[in-house]
>>> print(open('upload_27.cif').read())   # mmCIF, C-alpha atoms and all ligand atoms
data_target
loop_
_atom_site.label_atom_id
_atom_site.label_comp_id
_atom_site.auth_asym_id
_atom_site.auth_seq_id
_atom_site.Cartn_x
_atom_site.Cartn_y
_atom_site.Cartn_z
CA MET A 60 -11.16 -38.80 55.18
CA THR A 61 -8.16 -38.98 52.92
CA HIS A 62 -6.86 -35.76 51.48
CA THR A 63 -5.40 -35.88 48.00
CA ASP A 64 -4.38 -33.19 45.56
CA GLN A 65 -4.09 -34.66 42.10
CA SER A 66 -4.11 -32.74 38.85
CA VAL A 67 -4.37 -35.78 36.65
CA ALA A 68 -7.33 -38.13 36.79
CA PRO A 69 -6.28 -41.68 37.65
CA ALA A 70 -7.32 -44.29 35.13
CA ALA A 71 -10.52 -46.13 35.99
CA SER A 72 -10.04 -49.78 36.92
CA PRO A 73 -9.96 -52.11 33.88
CA GLU A 74 -13.14 -53.77 35.19
CA ALA A 75 -15.03 -50.45 35.41
CA GLU A 76 -13.82 -49.40 31.96
CA SER A 77 -14.90 -52.71 30.48
CA GLN A 78 -18.35 -52.41 32.09
CA ALA A 79 -18.69 -48.84 30.84
CA ARG A 80 -17.71 -49.87 27.31
CA ASP A 81 -20.27 -52.67 27.43
CA ALA A 82 -22.91 -50.14 28.46
CA VAL A 83 -22.05 -47.84 25.55
CA SER A 84 -21.95 -50.76 23.15
CA GLU A 85 -25.69 -50.96 23.83
CA VAL A 86 -26.02 -47.69 21.97
CA GLU A 87 -27.79 -48.22 18.71
CA PRO A 88 -25.70 -45.85 16.59
CA TYR A 89 -28.42 -44.77 14.19
CA GLU A 90 -31.17 -44.37 16.75
CA PHE A 91 -31.28 -40.78 17.92
CA THR A 92 -33.23 -39.66 20.95
CA GLU A 93 -36.25 -37.46 20.38
CA ILE A 94 -34.28 -34.46 21.68
CA ALA A 95 -31.26 -35.01 19.39
CA MET A 96 -32.60 -32.99 16.46
CA PRO A 97 -33.71 -30.02 18.61
CA ILE A 98 -30.23 -29.97 20.22
CA ILE A 99 -28.51 -29.96 16.82
CA ALA A 100 -30.98 -27.40 15.41
CA MET A 101 -30.37 -25.04 18.33
CA HIS A 102 -26.61 -25.18 17.72
CA VAL A 103 -27.12 -24.32 14.05
CA LEU A 104 -29.58 -21.54 14.94
CA ALA A 105 -27.11 -20.09 17.46
CA LEU A 106 -24.63 -19.51 14.61
CA PHE A 107 -27.05 -16.99 13.08
CA ALA A 108 -26.41 -14.74 16.11
CA PHE A 109 -23.07 -13.94 14.45
CA ILE A 110 -24.65 -12.28 11.43
CA PRO A 111 -22.69 -8.98 11.56
CA GLU A 112 -25.68 -6.69 12.03
CA PHE A 113 -26.79 -8.72 15.09
CA ILE A 114 -23.42 -8.29 16.84
CA THR A 115 -24.21 -5.19 18.88
CA GLY A 116 -23.11 -3.95 22.27
CA THR A 117 -26.69 -4.25 23.52
CA ASN A 118 -26.99 -7.88 22.47
CA VAL A 119 -23.63 -8.83 23.99
CA LEU A 120 -24.48 -7.07 27.28
CA LEU A 121 -27.93 -8.65 27.43
CA LEU A 122 -26.38 -12.06 26.73
CA MET A 123 -24.07 -11.63 29.74
CA ILE A 124 -26.94 -10.56 31.98
CA SER A 125 -29.20 -13.38 30.79
CA LEU A 126 -26.44 -15.96 31.33
CA VAL A 127 -26.13 -14.88 34.96
CA VAL A 128 -29.89 -14.71 35.58
CA PHE A 129 -31.14 -17.85 33.81
CA SER A 130 -28.31 -20.21 34.84
CA ASN A 131 -29.52 -19.87 38.43
CA GLY A 132 -32.57 -21.87 37.41
CA ILE A 133 -30.30 -24.87 36.86
CA THR A 134 -27.69 -24.47 39.60
CA LEU A 135 -29.87 -23.19 42.43
CA GLY A 136 -33.29 -24.35 41.21
CA TYR A 137 -32.99 -27.79 39.65
CA HIS A 138 -29.75 -28.82 41.38
CA ARG A 139 -29.46 -27.61 44.95
CA LEU A 140 -33.13 -26.89 45.66
CA LEU A 141 -35.03 -29.71 43.92
CA THR A 142 -32.43 -32.48 43.57
CA HIS A 143 -30.54 -32.20 46.85
CA LYS A 144 -33.06 -30.32 49.01
CA SER A 145 -30.14 -28.29 50.38
CA LEU A 146 -32.47 -25.44 51.31
CA ARG A 147 -36.14 -24.56 51.40
CA VAL A 148 -37.73 -21.47 49.86
CA PRO A 149 -41.36 -20.34 49.57
CA LYS A 150 -43.25 -22.15 46.80
CA TRP A 151 -43.60 -19.01 44.68
CA LEU A 152 -39.83 -18.57 44.71
CA GLU A 153 -39.23 -22.26 43.96
CA TYR A 154 -41.52 -21.97 40.94
CA GLY A 155 -39.62 -18.83 39.96
CA TYR A 156 -36.31 -20.71 39.88
CA VAL A 157 -37.93 -23.65 38.08
CA GLY A 158 -39.35 -21.15 35.58
CA LEU A 159 -35.83 -19.89 34.89
CA ALA A 160 -34.68 -23.50 34.47
CA LEU A 161 -37.48 -24.21 32.00
CA CYS A 162 -36.23 -21.21 30.01
CA CYS A 163 -32.89 -23.09 29.75
CA LEU A 164 -34.55 -26.01 27.93
CA GLN A 165 -33.00 -28.75 30.06
CA GLU A 166 -35.91 -31.17 30.40
CA SER A 167 -38.70 -31.19 32.99
CA PRO A 168 -37.92 -30.91 36.72
CA ALA A 169 -38.70 -34.62 37.37
CA LYS A 170 -36.51 -35.83 34.49
CA TRP A 171 -33.59 -33.55 35.41
CA VAL A 172 -33.76 -34.54 39.09
CA SER A 173 -34.14 -38.22 38.25
CA THR A 174 -31.09 -38.16 35.96
CA HIS A 175 -28.93 -36.32 38.46
CA ARG A 176 -29.88 -38.46 41.46
CA ARG A 177 -29.11 -41.54 39.38
CA HIS A 178 -25.71 -40.02 38.58
CA HIS A 179 -24.98 -39.62 42.29
CA SER A 180 -26.19 -43.14 43.08
CA HIS A 181 -24.08 -44.78 40.37
CA SER A 182 -21.27 -42.31 39.71
CA ASP A 183 -18.85 -43.64 37.11
CA GLU A 184 -20.49 -47.04 37.17
CA PRO A 185 -22.35 -48.61 34.21
CA ASP A 186 -25.70 -47.25 35.48
CA ASP A 187 -24.38 -43.67 35.50
CA PRO A 188 -26.29 -41.92 32.70
CA HIS A 189 -23.28 -39.81 31.67
CA SER A 190 -19.94 -41.12 32.89
CA PRO A 191 -16.75 -40.27 30.96
CA THR A 192 -15.45 -43.75 31.76
CA ALA A 193 -17.44 -44.62 28.61
CA SER A 194 -16.00 -41.71 26.61
CA PHE A 195 -15.57 -37.98 27.12
CA TRP A 196 -18.09 -37.04 24.41
CA TRP A 197 -20.59 -39.57 25.68
CA SER A 198 -20.53 -37.82 29.08
CA HIS A 199 -20.71 -34.35 27.51
CA VAL A 200 -23.54 -34.71 24.99
CA GLY A 201 -23.61 -38.22 23.49
CA TRP A 202 -25.93 -39.52 26.20
CA LEU A 203 -28.49 -36.90 25.15
CA LEU A 204 -28.23 -37.69 21.44
CA TRP A 205 -28.32 -41.49 21.27
CA LYS A 206 -30.57 -44.03 22.86
CA ARG A 207 -29.10 -46.50 25.26
CA LYS A 208 -30.84 -49.56 26.55
CA GLY A 209 -32.69 -48.65 29.74
CA GLN A 210 -32.01 -44.93 29.44
CA HIS A 211 -35.63 -43.94 29.17
CA GLU A 212 -36.98 -46.14 31.94
CA PHE A 213 -34.96 -44.40 34.61
CA ARG A 214 -36.20 -40.98 33.67
CA THR A 215 -39.62 -41.82 35.06
CA ASP A 216 -38.31 -43.98 37.89
CA ASP A 217 -40.23 -43.06 41.04
CA ARG A 218 -37.27 -44.05 43.18
CA TYR A 219 -35.50 -40.96 41.97
CA CYS A 220 -38.23 -38.37 41.60
CA ALA A 221 -41.34 -39.40 43.57
CA ASP A 222 -41.11 -36.27 45.74
CA ILE A 223 -40.96 -34.07 42.62
CA ILE A 224 -43.90 -35.74 40.88
CA ALA A 225 -45.93 -35.24 44.08
CA ASP A 226 -46.05 -31.55 43.15
CA PRO A 227 -49.04 -30.98 40.83
CA PHE A 228 -47.20 -28.46 38.61
CA TYR A 229 -44.24 -30.78 38.09
CA ALA A 230 -46.56 -33.77 37.62
CA LEU A 231 -48.38 -31.84 34.89
CA MET A 232 -45.14 -31.65 32.92
CA GLU A 233 -44.81 -35.44 33.05
CA LYS A 234 -48.43 -35.84 31.96
CA TYR A 235 -47.93 -33.40 29.08
CA PRO A 236 -44.27 -33.91 28.03
CA ASP A 237 -44.42 -31.09 25.46
CA LEU A 238 -45.28 -28.53 28.14
CA PRO A 239 -41.64 -27.64 29.08
CA ALA A 240 -40.79 -26.99 25.42
CA GLY A 241 -44.02 -24.99 25.09
CA ILE A 242 -43.04 -22.80 28.04
CA TYR A 243 -39.60 -22.29 26.48
CA ILE A 244 -41.03 -21.27 23.11
CA LEU A 245 -43.52 -18.97 24.84
CA HIS A 246 -40.76 -17.15 26.73
CA ALA A 247 -38.78 -16.74 23.50
CA GLY A 248 -41.89 -15.35 21.80
CA VAL A 249 -42.55 -12.88 24.62
CA ILE A 250 -38.94 -11.64 24.50
CA TRP A 251 -39.17 -11.26 20.70
CA LEU A 252 -42.44 -9.34 21.02
CA LEU A 253 -41.13 -6.98 23.74
CA ALA A 254 -37.83 -6.39 21.92
CA SER A 255 -39.60 -5.69 18.63
CA ALA A 256 -41.95 -3.23 20.39
CA LEU A 257 -38.95 -1.36 21.83
CA PHE A 258 -37.11 -1.28 18.50
CA LEU A 259 -40.29 0.05 16.88
CA VAL A 260 -39.65 3.43 18.52
CA ASP A 261 -36.81 4.24 16.09
CA ASN A 262 -37.38 1.76 13.27
CA SER A 263 -39.86 0.58 10.68
CA PHE A 264 -41.98 -2.46 11.56
CA VAL A 265 -39.92 -4.88 9.46
CA SER A 266 -36.62 -3.54 10.83
CA ALA A 267 -37.90 -3.70 14.43
CA VAL A 268 -39.00 -7.34 14.05
CA TRP A 269 -35.65 -8.19 12.40
CA GLN A 270 -33.63 -6.59 15.21
CA GLY A 271 -35.92 -8.27 17.75
CA ALA A 272 -35.02 -11.58 16.11
CA GLY A 273 -31.32 -10.74 16.53
CA LEU A 274 -31.85 -10.07 20.22
CA VAL A 275 -33.66 -13.41 20.62
CA LEU A 276 -30.78 -15.20 18.86
CA TRP A 277 -28.34 -13.73 21.37
CA CYS A 278 -30.33 -13.70 24.60
CA VAL A 279 -32.37 -16.87 24.13
CA VAL A 280 -30.81 -19.23 21.58
CA LEU A 281 -27.09 -18.55 22.12
CA ARG A 282 -27.64 -18.21 25.87
CA THR A 283 -29.43 -21.59 25.96
CA VAL A 284 -26.67 -23.35 24.01
CA MET A 285 -23.96 -21.79 26.21
CA ILE A 286 -25.71 -22.84 29.44
CA TRP A 287 -26.13 -26.35 27.98
CA HIS A 288 -22.37 -26.62 27.51
CA PHE A 289 -21.68 -25.16 30.95
CA SER A 290 -24.00 -27.76 32.52
CA TRP A 291 -22.66 -30.59 30.37
CA SER A 292 -19.11 -29.64 31.38
CA VAL A 293 -20.00 -30.53 34.96
CA ASN A 294 -20.76 -34.06 33.71
CA SER A 295 -17.70 -34.33 31.45
CA LEU A 296 -14.78 -32.03 32.41
CA THR A 297 -15.19 -32.31 36.19
CA HIS A 298 -15.11 -36.11 35.99
CA CYS A 299 -11.84 -35.96 33.98
CA PHE A 300 -9.71 -32.90 34.74
CA GLY A 301 -8.87 -31.15 37.99
CA TYR A 302 -7.82 -31.89 41.54
CA GLN A 303 -9.41 -33.73 44.43
CA ASN A 304 -9.85 -32.53 47.99
CA HIS A 305 -11.53 -35.80 48.93
CA LYS A 306 -11.07 -39.42 48.05
CA THR A 307 -14.49 -40.34 46.69
CA SER A 308 -15.59 -43.58 45.09
CA ASP A 309 -15.88 -41.88 41.69
CA GLN A 310 -13.72 -39.81 39.31
CA SER A 311 -15.09 -36.40 40.38
CA ARG A 312 -12.69 -33.45 40.25
CA ASN A 313 -12.61 -29.78 41.22
CA ASN A 314 -12.18 -27.69 38.08
CA TRP A 315 -11.85 -23.90 38.39
CA LEU A 316 -12.82 -23.17 34.79
CA VAL A 317 -16.09 -25.08 35.12
CA ALA A 318 -16.66 -23.44 38.52
CA ILE A 319 -16.47 -19.98 36.92
CA VAL A 320 -18.94 -20.70 34.12
CA SER A 321 -21.35 -22.76 36.24
CA ASN A 322 -21.80 -20.55 39.32
CA GLY A 323 -19.59 -22.79 41.48
CA GLU A 324 -20.77 -26.22 40.30
CA GLY A 325 -17.23 -26.98 39.08
CA TRP A 326 -16.13 -27.78 42.64
CA HIS A 327 -17.58 -31.16 41.82
CA ASN A 328 -15.33 -33.36 43.93
CA ASN A 329 -16.41 -31.32 46.96
CA HIS A 330 -20.01 -31.82 45.88
CA HIS A 331 -19.67 -35.61 45.48
CA HIS A 332 -18.05 -35.74 48.91
CA ASP A 333 -21.01 -33.93 50.48
CA PRO A 334 -23.96 -33.80 48.05
CA ALA A 335 -26.53 -32.57 50.56
CA SER A 336 -24.58 -29.43 51.51
CA ALA A 337 -25.85 -26.11 50.16
CA SER A 338 -22.22 -24.99 49.77
CA VAL A 339 -19.54 -26.64 47.62
CA GLN A 340 -16.77 -24.34 48.83
CA HIS A 341 -14.18 -26.25 50.87
CA LYS A 342 -11.12 -23.99 50.35
CA TRP A 343 -11.07 -20.20 50.57
CA TRP A 344 -10.37 -19.81 46.86
CA GLU A 345 -13.16 -22.18 45.79
CA PHE A 346 -15.72 -19.42 45.23
CA ASP A 347 -19.27 -20.71 45.08
CA ALA A 348 -21.51 -18.08 43.48
CA THR A 349 -24.65 -20.18 43.97
CA TYR A 350 -24.03 -20.45 47.71
CA LEU A 351 -23.47 -16.70 47.92
CA GLN A 352 -26.96 -16.27 46.52
CA ILE A 353 -28.32 -18.81 49.01
CA ARG A 354 -26.76 -16.77 51.84
CA VAL A 355 -28.45 -13.63 50.53
CA LEU A 356 -31.78 -15.47 50.36
CA LYS A 357 -31.25 -16.69 53.93
CA ARG A 358 -30.43 -13.17 55.13
CA LEU A 359 -33.64 -11.93 53.47
CA GLY A 360 -35.61 -14.65 55.27
CA LEU A 361 -36.43 -16.36 51.96
CA ALA A 362 -34.27 -19.47 52.47
CA THR A 363 -34.63 -21.77 55.49
CA HIS A 364 -33.32 -25.23 56.44
CA VAL A 365 -30.06 -24.45 54.63
CA ILE A 366 -27.88 -27.57 55.00
CA GLU A 367 -24.43 -26.66 56.22
CA PRO A 368 -21.28 -28.52 55.08
CA ARG A 369 -20.76 -31.91 56.72
CA GLN A 370 -18.00 -30.71 59.06
CA PHE A 371 -20.42 -28.23 60.65
CA ARG A 372 -23.26 -30.71 61.10
CA LYS A 373 -21.16 -33.42 62.76
CA GLY A 374 -23.05 -35.05 65.60
CA SER A 375 -26.38 -33.96 64.23
CA VAL A 376 -28.68 -36.27 62.36
CA GLU A 377 -27.97 -36.40 58.64
CA PRO A 378 -30.67 -34.57 56.70
CA ASP A 379 -33.50 -36.82 55.66
CA ASN A 380 -33.80 -35.96 52.02
CA PRO A 381 -33.51 -37.82 48.72
CA SER A 382 -29.74 -37.27 48.71
CA ARG A 383 -29.60 -40.41 50.84
CA LEU A 384 -29.63 -42.19 47.48
CA ASN A 385 -26.10 -40.96 47.05
CA LYS A 386 -23.18 -43.31 47.35
CA GLN A 387 -21.43 -43.18 50.71
CA THR A 388 -18.23 -41.29 50.20
CA GLY A 389 -15.38 -39.90 52.18
ZN ZN A 401 -20.63 -35.99 39.13
ZN ZN A 402 -25.57 -33.06 42.62
#
>>> encode(input="upload_27.cif", output="structure tokens", more="lines below")
Ligand SMILES: [Zn+2]
Ligand SMILES: [Zn+2]
Amino acid sequence: MTHTDQSVAPAASPEAESQARDAVSEVEPYEFTEIAMPIIAMHVLALFAFIPEFITGTNVLLLMISLVVFSNGITLGYHRLLTHKSLRVPKWLEYGYVGLALCCLQESPAKWVSTHRRHHSHSDEPDDPHSPTASFWWSHVGWLLWKRKGQHEFRTDDRYCADIIADPFYALMEKYPDLPAGIYILHAGVIWLLASALFLVDNSFVSAVWQGAGLVLWCVVLRTVMIWHFSWSVNSLTHCFGYQNHKTSDQSRNNWLVAIVSNGEGWHNNHHHDPASASVQHKWWEFDATYLQIRVLKRLGLATHVIEPRQFRKGSVEPDNPSRLNKQTG
């Protein structure tokens, strides 16, 4: 293992850059994906949260709390639990985390897992769905907005998500692709209803519904858009800016800013070095909030088969899980 500490990302090889450019040249510039308009609409809607009467201490506090709670659906649920099988939890708890993830409007479990496993298998190569070797904005959000040749085949590729589709609940979401969005809208409606009911104590009906709408704009719409950008930053910023603890075959970096906003996922070079590990903390200062939660779950007896970092499982058999699709690194 080679140890490096670089603050500037080295340029990709001319060959890799040329291949990546060729891949992006397959983008048909006027052909949006079916999720492009909802993504744009959510950003526009989020701006309405800043109508002065909606900017209240309660809404700001609830936004903070909801950011912490719901982002776990992505980092612990979709990423470490479903994609990398870094731990096991009871099914009811797994569905709980997946439920939180569905409330973040980031695609179905099978599609999210499929995309991310493909990223690990082809990191910063032409088949990577979101490499910044193509362009920074492509890796951040462009890949979600524009169609690219082959992009939609891989999302249902059994090689990447057969184990997820084997679950009847997750399979249902592939059979009925509108179901994840339906669950998201339902949760927003329930929050609006509950908030309006609470505001009704001191307000007229119209005023209560209006203030309930303000709360939904902060705690659902703005929260969703913020978690999108936090997740997308793991694809863009941490493949461009930061330092490396490990020489991996990709451009992954450790980025403290992304680590703060993404519950530890910003220690991305550590993660690419050892994708199966439940922890991405390799230095004492690399705080991994998601792993802290995993430790609490383990202490409570709710998490088992927690995969320790590679250095602690030396000599033991590598875990047999779908992370074997990952490129060999380090
Ligand atoms: Zn990556
Ligand atoms: Zn990963």
>>> residues_near_ligand(input="upload_27.cif", ligand="ligand ZN 402 (chain A)", cutoff="12 Å", atoms="all atoms listed in the file", output="VMD selection string")
chain A and resid 133 to 145 171 to 180 182 290 293 to 294 311 323 to 339 381 to 386
>>> residues_around(input="upload_27.cif", residues="range 283-287 of chain A", least_positions_apart="3", cutoff="9 Å", atoms="all atoms listed in the file", output="VMD selection string")
chain A and resid 98 101 to 102 105 126 129 to 130 133 162 to 165 278 to 280 290 to 292 320 to 321
>>> closest_residue(input="upload_27.cif", among="A:Val275, A:Arg218, A:Phe195, A:Arg147", to="Phe300 in chain A", atoms="only C-alpha atoms")
A:Phe195
>>> residues_around(input="upload_27.cif", residues="Asp309 in chain A", least_positions_apart="3", cutoff="9 Å", atoms="only C-alpha atoms", output="list in words")
Ala71, His181, Ser182, Asp183, Glu184, His298, Lys306, Asn328, His331 and Thr388 of chain A
>>> atom_distance(input="upload_27.cif", atom1="CA of Trp197 in chain A", atom2="CA of Ile224 in chain A")
28.1 Å
>>> residues_around(input="upload_27.cif", residues="Ala362 in chain A", least_positions_apart="5", cutoff="9 Å", atoms="all atoms listed in the file", output="ChimeraX atom specification")
/A:146-149,353-357
>>> write_last_selection(input="upload_27.cif", atoms="C-alpha atoms", output="compact mmCIF listing (two decimals), in the frame of the given file")
# COMPACT_ATOMS: atom_id res chain seq x y z
CA LEU A 146 -32.47 -25.44 51.31
CA ARG A 147 -36.14 -24.56 51.40
CA VAL A 148 -37.73 -21.47 49.86
CA PRO A 149 -41.36 -20.34 49.57
CA ILE A 353 -28.32 -18.81 49.01
CA ARG A 354 -26.76 -16.77 51.84
CA VAL A 355 -28.45 -13.63 50.53
CA LEU A 356 -31.78 -15.47 50.36
CA LYS A 357 -31.25 -16.69 53.93
